[in-house]
Amino acid sequence: MVGLAWRNIWRQTRRSLITISAMAFGAAVCMPMMAFMDGVYATMFDVAVTQQTGHVRVEHPDYPKTNSMFDTLDGAGDALKSLEALPGASAVTWRAYGAGLLGSDQKSTGAVLVGVDPIRESTVANTDAIVKQGTWLTEPGQILLGHRLATDIDAELGSEVVIMTQAADGSIGAGTYTVAGLVRSGNIMRDTQGAWLSLTDLQELLYLDDRVHELVLLADGGRDNVDALAAAVKAEIGDKALVRSWVEANPQMAEMLKLGQQQSAILLLIIFFLAGFGVLNTMLMSVFERTKELGVMMALGTRPSAVVRLILMEGFFLSVIGAIAGAIMGGMIDYWLCTTGLTLGYGEMEFSGVVFPDTMKGVFHIDQVTSVIGSMMVISVLAALWPAWRASRLQPVDAMRST
Amino acid sequence: MLSIASMAFRNLLRNRRRTVITVLGISLGLGMCQMVYNLNLGNYNSMLDKGIRGLSGHVVVQHKEWLKSPEVEHVVEGSAAIRDRLQADNPAALVTRRIMAGGLVTSPTNAVAAGVFGVDPQPESKLNRAATRMVDGEWLKPGDARGLVLGDTLADRLGVGVKSRIVVMAPDPTDPTESISLLFRVRGTYHSGVEVLDNFSVMVPISAAQPLLQGTDPVHQVAVVYDDDAPSAAGLERAKALDLGEAVALSWQEALPDLQTFIEVDTRTNELFFFVLGFIVVLGVINTMLMSVLERVREFGVMMALGMRPGSLAVLVLVEGALLGFASAVLGTVFGTAFTYPLVTSGLDFSQEMGETMMVEGVAMDAMMFAQYAPDRMALYAVVAMAMTILASGWPAWRVTRMQPIEAIKHT
Amino acid sequence: MSIVSVRGLTRDYPQGEHTVHALRGVSLDIEPGEFTVLMGPSGSGKSTLLNLIGGLDKPTAGSVTIEGADLASMTPGERSDLRRDRLGFIFQAYNLIPVLTAAENAEFVLQLQGKSAAERRARAYETLAQVGLEGMEGRRPNELSGGQQQRVAVARAIAGDPALVLADEPTANLDSTTSDELIATMRRLNTEFGVTFVFATHDPKVMEAASRVVRLVDGEIAEDTRT
């Protein structure tokens, strides 16, 4: 029967090929589209989560609401050591924040001061990738500026900048730093207002002693293991501080990613729904052409259920060939999209607080292939159901009489 | 020739099921494309409207470098005179002045680096997103030089409320090594739903923000906004003709390039998607037409034997395609109109995914998106769908002209 | 002048490595008013000859002249027009256009000729009456019996006032009563209206009605008798 179904497909080579190419084209387009969207969401995830919230974060319970300099974590040093010992944590860092007037000898402006532990920060955030010019922090007295901030105040690599701020003890804190690098984080707020300096420098400037505002962890094995890590951190920290996963800290991001998956699903559905019409028409035609032949088969004792299976199998074969051809073409486009990337030629673009580069790269994931191929097969077998049912309802005598 | 049309029509009815499936395929595809475009049009128009009201104006006067680098020192001097002149030239419009500076906003308990916006209280009360979304106290009043309103989140962070005192510390425009401090009283707090406005912005009367800028009577923008969205071309002409020194008068199209680029890119992306759908549908049409031609080979052979020219047979096939396309265009437009309807009346709610708003190129898009019917585009897509169907009949039609009558008649 | 003048007509079909010689140098003239039957066993070349006369096929060698015009010198379009204006066809399998009614089938050629609607209709009804199908003008082919369908095909063939009607096995699908009636009808059209017929058939009844019998054997004319 398998052989019969296979041969039946090639009786009308041209028709089968057109139907197959519709499906293959759909698959070849869906795969890179999904890779592109995943690329967009990966960029957003990187900006919002990897560089900021972390997979799991620990803060003073009031800090998310107040962002006040005074809502620091108690005993952060001990906590850091114990969290670093957690098996589920691949990286841990801590940060302090402040605000101040930041100026070159030309101009100054308000800035968000991010105090980071240079070495630990590199294990959490993608520091090499975000430094656009110069280097990441290597020694005390250095500062990195958001690239738009640097342009605003006419600062460049090697410039001296002065920070003036209100310190924790109420006095006016001031310090001079050398610009070691310019940052292009993709976060439009940070790129316009952010200044990164070493944690100890910021603590000194703000009279914070050794206090920090947050501890940030990455989960071993990535996003899937976040919940387990959050539970482990909660057990470790207890009630002393607020422990949240990135989903709790940034629910919009989580919803946005879900929306992305829904979008992909809708895209697949629309494209294969239309391709399904082609399969439906092809299978119906092929059943009607073969009315006589199917009648003979049934007269010779073939059961209606076997006829149904035969037709469904033909639909299945059509989709298998379409899937393989589509996956090969889609894979080639994917390869180009993920390595070279698509240059739109419009310059950088801001969307939802994230600045996207002009050349967008896709992110490949095997799920893209399986969902495309899976939905294609399901839809084409569904589309073959009606013709199959029609075929099984033929009366052998009538069928054989038909021409 | 009437009967080619009527023959074509009857031929389509011959295999009703196949015709219906094909028409459904084309028209559902068409309807979806129309719906997606209508939804996007609604979004684009709402974004442009917000951009014009909040970021530029139908006509805007700003420093000639402002578009490239919106820096504090790129000011328009003598702003009151320019405003009066623009108001006289555009009596029906709102004319407003804006300053976008930055500073350290400090309360007794906290300090936050924030945007300091200077606005003309009167016209901005109709234009500014914050002015219509006050949650406590009142919007700025003309003549109240020490008044300040701020975002609710920022107010929480600073631990301030109505009547609290706030100091804005900012660099001295005449000497960047010095800073100046301005004292304000909080008149109200707003919740705009836009994170950057609620968390990192304060708004003060234009005169109170002018000390942050250099020059005489400086602002960053003087904007002319028409309420009925029907800006006068003459108003723009007159504004362009003014002698503005370092400043220039721009139309909103010139002043919002990023927003228009975004819309263009988004449109292109959608067109790519439409193209993909179209291509898949076209393959289906080719298949249908080819099948219908191949099963009538003998009939075509007879018609040729009777003296019908191959060209006329091709026309018959093309007319069949055209009828199929026409039916699909009509039905598809019905689908498109029906699919769009709930999006026009109830809208689509993205608040779960986006929060209250989402920033795109400086414009806050609301989470509730409404579609807008675009009759011209719907008609265009319908025509394109019909044209594609006719084109897809081209190959089958061409095949008919290649048939040899003798072989066609023998064909079973 | 002869309606058809065939000279040295040869037609070879390549079939795999062999060549089938369907016609080997046939010469023949058909005069107006003749009721000619091409007889012969399967493969004797009678259908091939008919198709070549109708310009549906091209000869390997030799010429076909219709009313003095050489088919070989015509473009495909001109041959189409010739068939439309001067020839009528009747096929074994009726081959009516299934989506058209009996009257519409009959007027199909007239329509191609560009006749007015009123003229077409009148002529279609007239010819249908001549073949005995009054009252059936509005029926579709699938609502007619085989004999009735073939009568519609005859009406279609004569509606355009052709100089010559070519009929390939017109009675092969019909039972004997029906085919008797059909032959009588065509014979009557021949005698009353002077329609010239050329048949390819091995139905002896058609031969009985013929005014001239041409017997073909292995692609050559073996016998040509006028009665």
# chains A, B, ... in the order shown; residues from 1 in each chain; ligands from 1
>>> interface_residues(of="chain B", to="chain C", cutoff="6 Å", atoms="only C-alpha atoms", output="list of chain:residue names")
B:Arg10, B:Leu306, B:Gly307, B:Arg309, B:Pro405, B:Ile406
>>> residues_around(residues="Val152 in chain C", least_positions_apart="4", cutoff="12 Å", atoms="only C-alpha atoms", output="PyMOL selection string")
chain C and resi 89-91+94-98+100-108+124-134+136-141+144-148+156-159+170+182+185
>>> write_last_selection(atoms="C-alpha atoms", output="PDB file, in the first residue's frame")
ATOM      1  CA  PHE C  89     -16.388  17.699 -38.457  1.00  0.00           C
ATOM      2  CA  ILE C  90     -18.220  14.750 -36.922  1.00  0.00           C
ATOM      3  CA  PHE C  91     -16.357  12.526 -34.458  1.00  0.00           C
ATOM      4  CA  TYR C  94     -19.736  13.021 -30.462  1.00  0.00           C
ATOM      5  CA  ASN C  95     -17.400  15.480 -28.696  1.00  0.00           C
ATOM      6  CA  LEU C  96     -20.001  18.091 -27.989  1.00  0.00           C
ATOM      7  CA  ILE C  97     -18.946  20.915 -25.703  1.00  0.00           C
ATOM      8  CA  PRO C  98     -20.512  19.748 -22.450  1.00  0.00           C
ATOM      9  CA  LEU C 100     -23.242  24.308 -24.060  1.00  0.00           C
ATOM     10  CA  THR C 101     -26.841  23.403 -24.949  1.00  0.00           C
ATOM     11  CA  ALA C 102     -27.733  21.618 -28.178  1.00  0.00           C
ATOM     12  CA  ALA C 103     -28.547  24.919 -29.897  1.00  0.00           C
ATOM     13  CA  GLU C 104     -25.381  26.558 -28.566  1.00  0.00           C
ATOM     14  CA  ASN C 105     -23.295  23.647 -29.797  1.00  0.00           C
ATOM     15  CA  ALA C 106     -24.936  23.930 -33.197  1.00  0.00           C
ATOM     16  CA  GLU C 107     -24.247  27.637 -33.406  1.00  0.00           C
ATOM     17  CA  PHE C 108     -20.685  27.393 -32.047  1.00  0.00           C
ATOM     18  CA  ALA C 124     -29.112  26.569 -35.225  1.00  0.00           C
ATOM     19  CA  TYR C 125     -32.826  25.823 -34.870  1.00  0.00           C
ATOM     20  CA  GLU C 126     -33.055  25.181 -38.590  1.00  0.00           C
ATOM     21  CA  THR C 127     -30.226  22.658 -38.629  1.00  0.00           C
ATOM     22  CA  LEU C 128     -31.460  20.960 -35.462  1.00  0.00           C
ATOM     23  CA  ALA C 129     -34.819  20.588 -37.186  1.00  0.00           C
ATOM     24  CA  GLN C 130     -33.086  19.138 -40.238  1.00  0.00           C
ATOM     25  CA  VAL C 131     -31.542  16.416 -38.077  1.00  0.00           C
ATOM     26  CA  GLY C 132     -34.837  15.801 -36.289  1.00  0.00           C
ATOM     27  CA  LEU C 133     -34.199  17.424 -32.918  1.00  0.00           C
ATOM     28  CA  GLU C 134     -37.027  19.963 -32.676  1.00  0.00           C
ATOM     29  CA  MET C 136     -34.463  19.621 -27.756  1.00  0.00           C
ATOM     30  CA  GLU C 137     -32.608  22.870 -28.469  1.00  0.00           C
ATOM     31  CA  GLY C 138     -32.185  23.817 -24.806  1.00  0.00           C
ATOM     32  CA  ARG C 139     -30.813  20.492 -23.589  1.00  0.00           C
ATOM     33  CA  ARG C 140     -27.249  19.951 -22.470  1.00  0.00           C
ATOM     34  CA  PRO C 141     -25.320  17.000 -23.963  1.00  0.00           C
ATOM     35  CA  LEU C 144     -29.378  13.649 -24.594  1.00  0.00           C
ATOM     36  CA  SER C 145     -28.991  10.044 -25.760  1.00  0.00           C
ATOM     37  CA  GLY C 146     -25.947   9.019 -27.768  1.00  0.00           C
ATOM     38  CA  GLY C 147     -27.885   9.154 -31.033  1.00  0.00           C
ATOM     39  CA  GLN C 148     -29.270  12.569 -30.194  1.00  0.00           C
ATOM     40  CA  ARG C 156     -23.001  21.584 -35.692  1.00  0.00           C
ATOM     41  CA  ALA C 157     -21.019  20.281 -38.667  1.00  0.00           C
ATOM     42  CA  ILE C 158     -23.469  21.566 -41.303  1.00  0.00           C
ATOM     43  CA  ALA C 159     -24.588  24.764 -39.568  1.00  0.00           C
ATOM     44  CA  PRO C 170     -19.777   8.604 -36.729  1.00  0.00           C
ATOM     45  CA  LEU C 182     -28.343   8.936 -38.514  1.00  0.00           C
ATOM     46  CA  THR C 185     -30.386  11.884 -42.010  1.00  0.00           C
TER      47      THR C 185
END
>>> residues_around(residues="Leu73 in chain A", least_positions_apart="5", cutoff="8 Å", atoms="only C-alpha atoms", output="number ranges by chain")
A: 59-60, 211-214, 241
>>> residues_around(residues="range 257-262 of chain A", least_positions_apart="4", cutoff="10 Å", atoms="only C-alpha atoms", output="PyMOL selection string")
(chain A and resi 34+37-38+40-42+44-45+251-253+266-268) or (chain B and resi 350+352-354)
>>> closest_residue(among="A:Leu318, A:Ala35, A:Ile237, A:Ile270", to="chain B", atoms="only C-alpha atoms")
A:Ile270
>>> atom_distance(atom1="CA of Ala275 in chain A", atom2="CA of Leu323 in chain B")
21.7 Å
>>> closest_residue(among="B:Ser125, B:Ser46, B:Thr22, B:Thr340", to="chain A", atoms="only C-alpha atoms")
B:Thr22
>>> residues_around(residues="Gly26 in chain A", least_positions_apart="2", cutoff="10 Å", atoms="only C-alpha atoms", output="PyMOL selection string")
(chain A and resi 20-24+28-31+268+270-272+274-275+322-323+326-327+330+372+376) or (chain B and resi 276-277+279-280)
>>> write_last_selection(atoms="C-alpha atoms", output="PDB file, in the first residue's frame")
ATOM      1  CA  ILE A  20       4.750  20.173  -3.061  1.00  0.00           C
ATOM      2  CA  SER A  21       6.441  23.405  -4.042  1.00  0.00           C
ATOM      3  CA  ALA A  22       3.651  25.435  -2.434  1.00  0.00           C
ATOM      4  CA  MET A  23       4.285  23.621   0.832  1.00  0.00           C
ATOM      5  CA  ALA A  24       8.052  23.695   0.460  1.00  0.00           C
ATOM      6  CA  ALA A  28      11.264  27.698   3.391  1.00  0.00           C
ATOM      7  CA  VAL A  29       9.789  31.094   4.220  1.00  0.00           C
ATOM      8  CA  CYS A  30       8.411  30.272   7.656  1.00  0.00           C
ATOM      9  CA  MET A  31      11.707  28.971   8.999  1.00  0.00           C
ATOM     10  CA  LEU A 268       2.451  29.091  10.471  1.00  0.00           C
ATOM     11  CA  ILE A 270      -2.059  31.211   7.969  1.00  0.00           C
ATOM     12  CA  ILE A 271       0.609  30.028   5.551  1.00  0.00           C
ATOM     13  CA  PHE A 272      -0.133  26.349   5.894  1.00  0.00           C
ATOM     14  CA  LEU A 274      -3.547  28.409   2.479  1.00  0.00           C
ATOM     15  CA  ALA A 275      -1.120  25.689   1.392  1.00  0.00           C
ATOM     16  CA  GLY A 322       7.407  19.247   0.733  1.00  0.00           C
ATOM     17  CA  ALA A 323       8.845  19.277   4.249  1.00  0.00           C
ATOM     18  CA  GLY A 326      11.292  23.199   2.420  1.00  0.00           C
ATOM     19  CA  ALA A 327      13.657  22.399   5.277  1.00  0.00           C
ATOM     20  CA  GLY A 330      14.753  27.176   4.642  1.00  0.00           C
ATOM     21  CA  VAL A 372       7.182  24.098  10.676  1.00  0.00           C
ATOM     22  CA  MET A 376       2.749  21.226   7.616  1.00  0.00           C
TER      23      MET A 376
ATOM     24  CA  VAL B 276       4.571  34.951   0.502  1.00  0.00           C
ATOM     25  CA  LEU B 277       0.863  34.358   0.988  1.00  0.00           C
ATOM     26  CA  PHE B 279       2.829  33.147  -3.945  1.00  0.00           C
ATOM     27  CA  ILE B 280       1.369  30.138  -2.183  1.00  0.00           C
TER      28      ILE B 280
END
>>> residues_around(residues="Phe277 in chain A", least_positions_apart="3", cutoff="7 Å", atoms="only C-alpha atoms", output="ChimeraX atom specification")
/A:273-274,280-281 /B:21,25
>>> residues_around(residues="Val378 in chain A", least_positions_apart="4", cutoff="12 Å", atoms="only C-alpha atoms", output="list in words")
Leu268, Leu269, Phe272, Phe273, Ala275, Gly276, Val279, Leu312, Gly315, Phe316, Phe317, Leu318, Ser319, Val320, Ala323, Thr370, Ser371, Val372, Ile373, Gly374, Leu382, Ala383, Ala384 and Leu385 of chain A
>>> write_last_selection(atoms="C-alpha atoms", output="PDB file, in the first residue's frame")
ATOM      1  CA  LEU A 268       2.451  29.091  10.471  1.00  0.00           C
ATOM      2  CA  LEU A 269      -1.271  28.635  10.662  1.00  0.00           C
ATOM      3  CA  PHE A 272      -0.133  26.349   5.894  1.00  0.00           C
ATOM      4  CA  PHE A 273      -3.853  26.944   5.976  1.00  0.00           C
ATOM      5  CA  ALA A 275      -1.120  25.689   1.392  1.00  0.00           C
ATOM      6  CA  GLY A 276      -3.659  23.214   2.802  1.00  0.00           C
ATOM      7  CA  VAL A 279      -3.452  19.885  -0.925  1.00  0.00           C
ATOM      8  CA  LEU A 312      -4.207   9.832   3.657  1.00  0.00           C
ATOM      9  CA  GLY A 315      -1.365  13.347   1.388  1.00  0.00           C
ATOM     10  CA  PHE A 316       1.273  12.427   3.932  1.00  0.00           C
ATOM     11  CA  PHE A 317       3.854  11.681   1.256  1.00  0.00           C
ATOM     12  CA  LEU A 318       3.149  14.988  -0.447  1.00  0.00           C
ATOM     13  CA  SER A 319       3.818  16.789   2.830  1.00  0.00           C
ATOM     14  CA  VAL A 320       6.941  14.747   3.603  1.00  0.00           C
ATOM     15  CA  ALA A 323       8.845  19.277   4.249  1.00  0.00           C
ATOM     16  CA  THR A 370      10.079  20.826  13.973  1.00  0.00           C
ATOM     17  CA  SER A 371       7.128  23.166  14.363  1.00  0.00           C
ATOM     18  CA  VAL A 372       7.182  24.098  10.676  1.00  0.00           C
ATOM     19  CA  ILE A 373       7.402  20.510   9.508  1.00  0.00           C
ATOM     20  CA  GLY A 374       4.975  19.287  12.131  1.00  0.00           C
ATOM     21  CA  LEU A 382      -6.152  17.010   7.613  1.00  0.00           C
ATOM     22  CA  ALA A 383      -6.673  18.375   4.111  1.00  0.00           C
ATOM     23  CA  ALA A 384      -6.571  14.832   2.729  1.00  0.00           C
ATOM     24  CA  LEU A 385      -9.264  13.677   5.180  1.00  0.00           C
TER      25      LEU A 385
END
>>> closest_residue(among="B:Ser292, B:Gln372, B:Asp144, B:Leu86", to="Ala234 in chain B", atoms="only C-alpha atoms")
B:Leu86
>>> select_by_dssp(residues="range 164-358 of chain A", states="strand (DSSP E)", output="ChimeraX atom specification")
/A:164-166,172-183,194-198,214-219,242-245,342-343,349-351,354-356
>>> write_last_selection(atoms="C-alpha atoms", output="CSV table (one decimal), in the first residue's frame")
chain,number,residue,atom,x,y,z
A,164,MET,CA,28.7,65.6,41.1
A,165,THR,CA,26.1,63.9,43.2
A,166,GLN,CA,24.3,63.9,46.5
A,172,ILE,CA,27.9,66.6,47.9
A,173,GLY,CA,30.1,63.9,46.4
A,174,ALA,CA,32.4,64.6,43.5
A,175,GLY,CA,34.9,62.5,41.6
A,176,THR,CA,36.9,62.6,38.4
A,177,TYR,CA,37.2,59.6,36.0
A,178,THR,CA,38.8,58.7,32.7
A,179,VAL,CA,36.6,57.5,29.9
A,180,ALA,CA,37.8,54.0,29.1
A,181,GLY,CA,35.1,53.0,26.7
A,182,LEU,CA,31.8,53.7,25.0
A,183,VAL,CA,28.9,51.4,25.5
A,194,GLY,CA,24.2,55.4,31.6
A,195,ALA,CA,27.7,55.6,33.0
A,196,TRP,CA,29.4,52.4,34.3
A,197,LEU,CA,32.2,52.6,36.9
A,198,SER,CA,33.6,50.1,39.2
A,214,GLU,CA,21.2,44.1,43.9
A,215,LEU,CA,22.6,40.7,43.5
A,216,VAL,CA,22.1,39.2,40.0
A,217,LEU,CA,22.4,35.5,39.1
A,218,LEU,CA,22.4,33.6,35.8
A,219,ALA,CA,21.0,30.0,35.8
A,242,LEU,CA,13.3,40.1,47.9
A,243,VAL,CA,14.2,37.3,45.5
A,244,ARG,CA,12.6,37.4,42.1
A,245,SER,CA,13.0,35.6,38.8
A,342,LEU,CA,19.7,41.0,6.9
A,343,THR,CA,20.7,44.6,6.3
A,349,MET,CA,15.7,51.5,14.9
A,350,GLU,CA,14.2,51.9,18.3
A,351,PHE,CA,11.4,49.6,19.4
A,354,VAL,CA,15.6,48.6,22.5
A,355,VAL,CA,17.8,49.9,19.8
A,356,PHE,CA,18.2,47.4,17.0
>>> atom_distance(atom1="CA of Gly146 in chain A", atom2="CA of Thr109 in chain B")
26.8 Å
>>> select_by_dssp(residues="range 3-221 of chain C", states="helix (DSSP H, G or I)", output="count of residues only")
88
>>> closest_atom_pairs(of="range 103-217 of chain C", to="range 65-70 of chain C", cutoff="12 Å", atoms="only C-alpha atoms", output="tab-separated table")
residue	atom	partner	partner_atom	distance
C:Pro162	CA	C:Glu67	CA	11.6
C:Ala163	CA	C:Glu67	CA	8.7
C:Leu164	CA	C:Ile66	CA	9.5
>>> atom_distance(atom1="CA of Arg121 in chain C", atom2="CA of Ala153 in chain C")
16.0 Å
>>> closest_residue(among="A:Val226, A:Met285, A:Ile9, A:Leu149", to="Met289 in chain B", atoms="only C-alpha atoms")
A:Met285
>>> decode(residues="range 98-191 of chain C", atoms="C-alpha atoms", output="PDB file, in the first residue's frame")
ATOM      1  CA  PRO C  98     -20.512  19.748 -22.450  1.00  0.00           C
ATOM      2  CA  VAL C  99     -21.250  23.192 -21.006  1.00  0.00           C
ATOM      3  CA  LEU C 100     -23.242  24.308 -24.060  1.00  0.00           C
ATOM      4  CA  THR C 101     -26.841  23.403 -24.949  1.00  0.00           C
ATOM      5  CA  ALA C 102     -27.733  21.618 -28.178  1.00  0.00           C
ATOM      6  CA  ALA C 103     -28.547  24.919 -29.897  1.00  0.00           C
ATOM      7  CA  GLU C 104     -25.381  26.558 -28.566  1.00  0.00           C
ATOM      8  CA  ASN C 105     -23.295  23.647 -29.797  1.00  0.00           C
ATOM      9  CA  ALA C 106     -24.936  23.930 -33.197  1.00  0.00           C
ATOM     10  CA  GLU C 107     -24.247  27.637 -33.406  1.00  0.00           C
ATOM     11  CA  PHE C 108     -20.685  27.393 -32.047  1.00  0.00           C
ATOM     12  CA  VAL C 109     -19.094  27.572 -35.492  1.00  0.00           C
ATOM     13  CA  LEU C 110     -21.428  30.373 -36.552  1.00  0.00           C
ATOM     14  CA  GLN C 111     -20.289  32.287 -33.567  1.00  0.00           C
ATOM     15  CA  LEU C 112     -16.678  31.798 -34.554  1.00  0.00           C
ATOM     16  CA  GLN C 113     -17.676  33.065 -37.984  1.00  0.00           C
ATOM     17  CA  GLY C 114     -18.977  36.206 -36.332  1.00  0.00           C
ATOM     18  CA  LYS C 115     -22.617  35.857 -37.373  1.00  0.00           C
ATOM     19  CA  SER C 116     -25.204  37.926 -35.508  1.00  0.00           C
ATOM     20  CA  ALA C 117     -27.018  36.371 -32.562  1.00  0.00           C
ATOM     21  CA  ALA C 118     -30.375  36.328 -34.342  1.00  0.00           C
ATOM     22  CA  GLU C 119     -28.928  34.739 -37.472  1.00  0.00           C
ATOM     23  CA  ARG C 120     -27.087  32.150 -35.355  1.00  0.00           C
ATOM     24  CA  ARG C 121     -30.148  31.209 -33.423  1.00  0.00           C
ATOM     25  CA  ALA C 122     -32.303  30.864 -36.503  1.00  0.00           C
ATOM     26  CA  ARG C 123     -29.694  28.739 -38.301  1.00  0.00           C
ATOM     27  CA  ALA C 124     -29.112  26.569 -35.225  1.00  0.00           C
ATOM     28  CA  TYR C 125     -32.826  25.823 -34.870  1.00  0.00           C
ATOM     29  CA  GLU C 126     -33.055  25.181 -38.590  1.00  0.00           C
ATOM     30  CA  THR C 127     -30.226  22.658 -38.629  1.00  0.00           C
ATOM     31  CA  LEU C 128     -31.460  20.960 -35.462  1.00  0.00           C
ATOM     32  CA  ALA C 129     -34.819  20.588 -37.186  1.00  0.00           C
ATOM     33  CA  GLN C 130     -33.086  19.138 -40.238  1.00  0.00           C
ATOM     34  CA  VAL C 131     -31.542  16.416 -38.077  1.00  0.00           C
ATOM     35  CA  GLY C 132     -34.837  15.801 -36.289  1.00  0.00           C
ATOM     36  CA  LEU C 133     -34.199  17.424 -32.918  1.00  0.00           C
ATOM     37  CA  GLU C 134     -37.027  19.963 -32.676  1.00  0.00           C
ATOM     38  CA  GLY C 135     -37.821  20.745 -29.074  1.00  0.00           C
ATOM     39  CA  MET C 136     -34.463  19.621 -27.756  1.00  0.00           C
ATOM     40  CA  GLU C 137     -32.608  22.870 -28.469  1.00  0.00           C
ATOM     41  CA  GLY C 138     -32.185  23.817 -24.806  1.00  0.00           C
ATOM     42  CA  ARG C 139     -30.813  20.492 -23.589  1.00  0.00           C
ATOM     43  CA  ARG C 140     -27.249  19.951 -22.470  1.00  0.00           C
ATOM     44  CA  PRO C 141     -25.320  17.000 -23.963  1.00  0.00           C
ATOM     45  CA  ASN C 142     -25.653  14.951 -20.776  1.00  0.00           C
ATOM     46  CA  GLU C 143     -29.432  15.212 -21.115  1.00  0.00           C
ATOM     47  CA  LEU C 144     -29.378  13.649 -24.594  1.00  0.00           C
ATOM     48  CA  SER C 145     -28.991  10.044 -25.760  1.00  0.00           C
ATOM     49  CA  GLY C 146     -25.947   9.019 -27.768  1.00  0.00           C
ATOM     50  CA  GLY C 147     -27.885   9.154 -31.033  1.00  0.00           C
ATOM     51  CA  GLN C 148     -29.270  12.569 -30.194  1.00  0.00           C
ATOM     52  CA  GLN C 149     -25.818  13.831 -29.286  1.00  0.00           C
ATOM     53  CA  GLN C 150     -24.447  12.645 -32.604  1.00  0.00           C
ATOM     54  CA  ARG C 151     -27.315  14.415 -34.387  1.00  0.00           C
ATOM     55  CA  VAL C 152     -26.333  17.604 -32.603  1.00  0.00           C
ATOM     56  CA  ALA C 153     -22.787  16.979 -33.830  1.00  0.00           C
ATOM     57  CA  VAL C 154     -24.133  16.636 -37.392  1.00  0.00           C
ATOM     58  CA  ALA C 155     -26.136  19.847 -36.991  1.00  0.00           C
ATOM     59  CA  ARG C 156     -23.001  21.584 -35.692  1.00  0.00           C
ATOM     60  CA  ALA C 157     -21.019  20.281 -38.667  1.00  0.00           C
ATOM     61  CA  ILE C 158     -23.469  21.566 -41.303  1.00  0.00           C
ATOM     62  CA  ALA C 159     -24.588  24.764 -39.568  1.00  0.00           C
ATOM     63  CA  GLY C 160     -21.753  26.830 -40.979  1.00  0.00           C
ATOM     64  CA  ASP C 161     -22.566  25.832 -44.591  1.00  0.00           C
ATOM     65  CA  PRO C 162     -19.326  23.974 -45.124  1.00  0.00           C
ATOM     66  CA  ALA C 163     -18.171  22.846 -48.534  1.00  0.00           C
ATOM     67  CA  LEU C 164     -17.313  19.502 -46.996  1.00  0.00           C
ATOM     68  CA  VAL C 165     -18.205  17.502 -43.869  1.00  0.00           C
ATOM     69  CA  LEU C 166     -15.568  15.083 -42.556  1.00  0.00           C
ATOM     70  CA  ALA C 167     -16.957  12.274 -40.388  1.00  0.00           C
ATOM     71  CA  ASP C 168     -14.704   9.841 -38.547  1.00  0.00           C
ATOM     72  CA  GLU C 169     -16.575   6.664 -37.540  1.00  0.00           C
ATOM     73  CA  PRO C 170     -19.777   8.604 -36.729  1.00  0.00           C
ATOM     74  CA  THR C 171     -21.852   5.465 -36.112  1.00  0.00           C
ATOM     75  CA  ALA C 172     -19.348   3.413 -34.153  1.00  0.00           C
ATOM     76  CA  ASN C 173     -20.810   4.293 -30.746  1.00  0.00           C
ATOM     77  CA  LEU C 174     -24.449   3.881 -31.766  1.00  0.00           C
ATOM     78  CA  ASP C 175     -26.820   0.902 -31.811  1.00  0.00           C
ATOM     79  CA  SER C 176     -27.985  -0.221 -35.211  1.00  0.00           C
ATOM     80  CA  THR C 177     -31.415   1.483 -35.252  1.00  0.00           C
ATOM     81  CA  THR C 178     -29.930   4.758 -34.173  1.00  0.00           C
ATOM     82  CA  SER C 179     -27.144   4.545 -36.674  1.00  0.00           C
ATOM     83  CA  ASP C 180     -29.622   3.726 -39.457  1.00  0.00           C
ATOM     84  CA  GLU C 181     -31.517   6.884 -38.625  1.00  0.00           C
ATOM     85  CA  LEU C 182     -28.343   8.936 -38.514  1.00  0.00           C
ATOM     86  CA  ILE C 183     -27.133   7.630 -41.875  1.00  0.00           C
ATOM     87  CA  ALA C 184     -30.531   8.374 -43.381  1.00  0.00           C
ATOM     88  CA  THR C 185     -30.386  11.884 -42.010  1.00  0.00           C
ATOM     89  CA  MET C 186     -26.953  12.523 -43.487  1.00  0.00           C
ATOM     90  CA  ARG C 187     -27.939  10.992 -46.798  1.00  0.00           C
ATOM     91  CA  ARG C 188     -30.969  13.279 -46.888  1.00  0.00           C
ATOM     92  CA  LEU C 189     -28.795  16.311 -46.139  1.00  0.00           C
ATOM     93  CA  ASN C 190     -26.630  15.164 -49.033  1.00  0.00           C
ATOM     94  CA  THR C 191     -29.423  14.782 -51.546  1.00  0.00           C
TER      95      THR C 191
END
